[in-house]
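Here the structure is laid out as structure tokens; the discussion comes afterwards.
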Amino acid sequence: MTFVYAFLFCGTICLIAQLILDNTKLTPGHITSLFVVIGAALDVFGIYDKFVLYAGAGALLPITSFGHLLIHGAMDVAHDIGPLGLALGIFNLTSAGISIALVLSFILALLFKPRD
Amino acid sequence: MVILMNKDKYKKIVDKYTPKEDVIKNALISFFVGGLIGVLGEALLRGYMMWLNIPRKESGILVTLTFITIASVLTAFGVFDVIVSKVKAALFIPITGFAHSMTSAALDYKHEGLVLGIGANIFKLAGTVILYGVVSVYIFGLLRLIVMGG
């Protein structure tokens, strides 16, 4: 059943993004920023956790999950040590993705030539 | 001779010649390709859990890293842009779009040097995601700490 939910959730997010892209003047940059904020907002009340529970990787792959992971990392540490935890833990869960993307991009940029 | 043309008339002519994108077709393609990416991710997640014997949370991070790697390599080979032009939102909304924006920025500004080119521009597009993510998390996080006590 998780597979069906994964298909529906990830598909629906992409569908909404495509509709916004086609019907407004917003660029992909605007839409991804908006979705990250929405993901973080949904996680304030633990709603996004429910999506992850039912849709599995279908909820982890869209960019909305970036906001969810940011607030999760921050709140986990804030639980233990108070407000300072927000600052300390914010990148706890996303640092893997960001650092790997940075290192890969750097190496690939050195190896490859840009195409038009 | 000056041809006077009012704005409405001009707009009509422009509208006539700008290619109309098929909104419904685009939306359906995005839905199906996006859905397939979700299913593929879930299958990978279960595969990693089984093969590597790791908990679900770590497996989820590995799945994300796999998609980042695939997107970066495809971008470097110049394939990613071709696929994006066909499936659109289905590839830039998943984490693949984040990886693509970094790799393509690094490639595009390579000619300006290692520091002022790659270094200064690698977050050119991905930076907006991180900026608004972090700012909103500070706001929402503080609100939750104040209102709900954690």
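Letters A, B, ... go to the chains of the structure tokens in the order shown; residues in each chain start at 1; ligands are counted from 1 in the same order.
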Exercise for the section: Write out as a ChimeraX atom specification which residues come within 9 Å of Gly11 of chain A when counting only C-alpha atoms, dropping same-chain ones fewer than 3 positions away. Expected result: /A:6-8,14-16,58 /B:30-38,90
Any chance you can output those residues with N, CA and C atoms as a JSON list (two decimals), in the first residue's frame?
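Below is the file that was written, result_8.json:
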[["chain", "number", "residue", "atom", "x", "y", "z"],
["A", 6, "ALA", "N", 2.96, 6.34, -2.14],
["A", 6, "ALA", "CA", 4.18, 7.02, -2.61],
["A", 6, "ALA", "C", 3.94, 7.61, -4.00],
["A", 7, "PHE", "N", 3.31, 6.79, -4.86],
["A", 7, "PHE", "CA", 3.00, 7.27, -6.22],
["A", 7, "PHE", "C", 2.08, 8.49, -6.16],
["A", 8, "LEU", "N", 1.00, 8.36, -5.39],
["A", 8, "LEU", "CA", 0.01, 9.44, -5.34],
["A", 8, "LEU", "C", 0.60, 10.71, -4.73],
["A", 14, "CYS", "N", 4.20, 17.01, -7.63],
["A", 14, "CYS", "CA", 4.74, 17.42, -8.93],
["A", 14, "CYS", "C", 3.63, 18.04, -9.79],
["A", 15, "LEU", "N", 2.43, 17.48, -9.70],
["A", 15, "LEU", "CA", 1.29, 18.00, -10.46],
["A", 15, "LEU", "C", 0.98, 19.44, -10.04],
["A", 16, "ILE", "N", 0.94, 19.68, -8.72],
["A", 16, "ILE", "CA", 0.66, 21.05, -8.23],
["A", 16, "ILE", "C", 1.74, 22.01, -8.73],
["A", 58, "GLY", "N", 8.06, 8.32, -1.03],
["A", 58, "GLY", "CA", 7.28, 9.24, -1.83],
["A", 58, "GLY", "C", 7.15, 10.60, -1.18],
["B", 30, "SER", "N", 3.72, 15.24, -15.49],
["B", 30, "SER", "CA", 4.37, 15.51, -14.21],
["B", 30, "SER", "C", 3.85, 14.56, -13.14],
["B", 31, "PHE", "N", 2.54, 14.34, -13.15],
["B", 31, "PHE", "CA", 1.94, 13.47, -12.14],
["B", 31, "PHE", "C", 2.50, 12.05, -12.24],
["B", 32, "PHE", "N", 2.53, 11.52, -13.47],
["B", 32, "PHE", "CA", 2.96, 10.13, -13.63],
["B", 32, "PHE", "C", 4.45, 9.95, -13.40],
["B", 33, "VAL", "N", 5.26, 10.84, -13.97],
["B", 33, "VAL", "CA", 6.70, 10.70, -13.77],
["B", 33, "VAL", "C", 7.06, 10.95, -12.31],
["B", 34, "GLY", "N", 6.42, 11.98, -11.70],
["B", 34, "GLY", "CA", 6.65, 12.24, -10.29],
["B", 34, "GLY", "C", 6.27, 11.04, -9.44],
["B", 35, "GLY", "N", 5.12, 10.44, -9.74],
["B", 35, "GLY", "CA", 4.67, 9.26, -9.02],
["B", 35, "GLY", "C", 5.65, 8.11, -9.16],
["B", 36, "LEU", "N", 6.16, 7.92, -10.38],
["B", 36, "LEU", "CA", 7.12, 6.83, -10.61],
["B", 36, "LEU", "C", 8.39, 7.04, -9.80],
["B", 37, "ILE", "N", 8.83, 8.31, -9.69],
["B", 37, "ILE", "CA", 10.02, 8.60, -8.89],
["B", 37, "ILE", "C", 9.76, 8.22, -7.44],
["B", 38, "GLY", "N", 8.54, 8.54, -6.95],
["B", 38, "GLY", "CA", 8.19, 8.16, -5.58],
["B", 38, "GLY", "C", 8.22, 6.66, -5.38],
["B", 90, "ALA", "N", 8.24, 17.25, -12.68],
["B", 90, "ALA", "CA", 8.48, 15.95, -12.06],
["B", 90, "ALA", "C", 9.95, 15.75, -11.69]]
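Residues within 9 Å of segment 109-113 of chain A, counting only C-alpha atoms and excluding same-chain residues fewer than 5 positions away, are Leu104 of chain A; Ala76, Phe77, Thr103, Ser104, Ala105, Ala106, Leu107, Asp108, Lys110, Leu114 and Ile118 of chain B.
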Exercise for the section: Looking only at alpha helix (DSSP H) from DSSP on the backbone, list the matching residues of chain B as a PyMOL selection string. Expected result: chain B and resi 7-17+23-52+56-76+80-87+89-92+95-108+120-121+126-148
Practice task
In Å, rounded to a single decimal, give me how far atom CA of Leu60 of chain A is from atom CA of Ala78 of chain A.
Solution key: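 Going from atom CA of Ala78 of chain A over to atom CA of Leu60 of chain A covers 22.4 Å.
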Completion exercise
Taken to one decimal, the atom CA of Gln18 of chain A-atom CA of Ile13 of chain B distance is 26.1 Å
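The space separating atom CA of Leu84 of chain A from atom CA of Phe35 of chain A comes to 25.9 Å.
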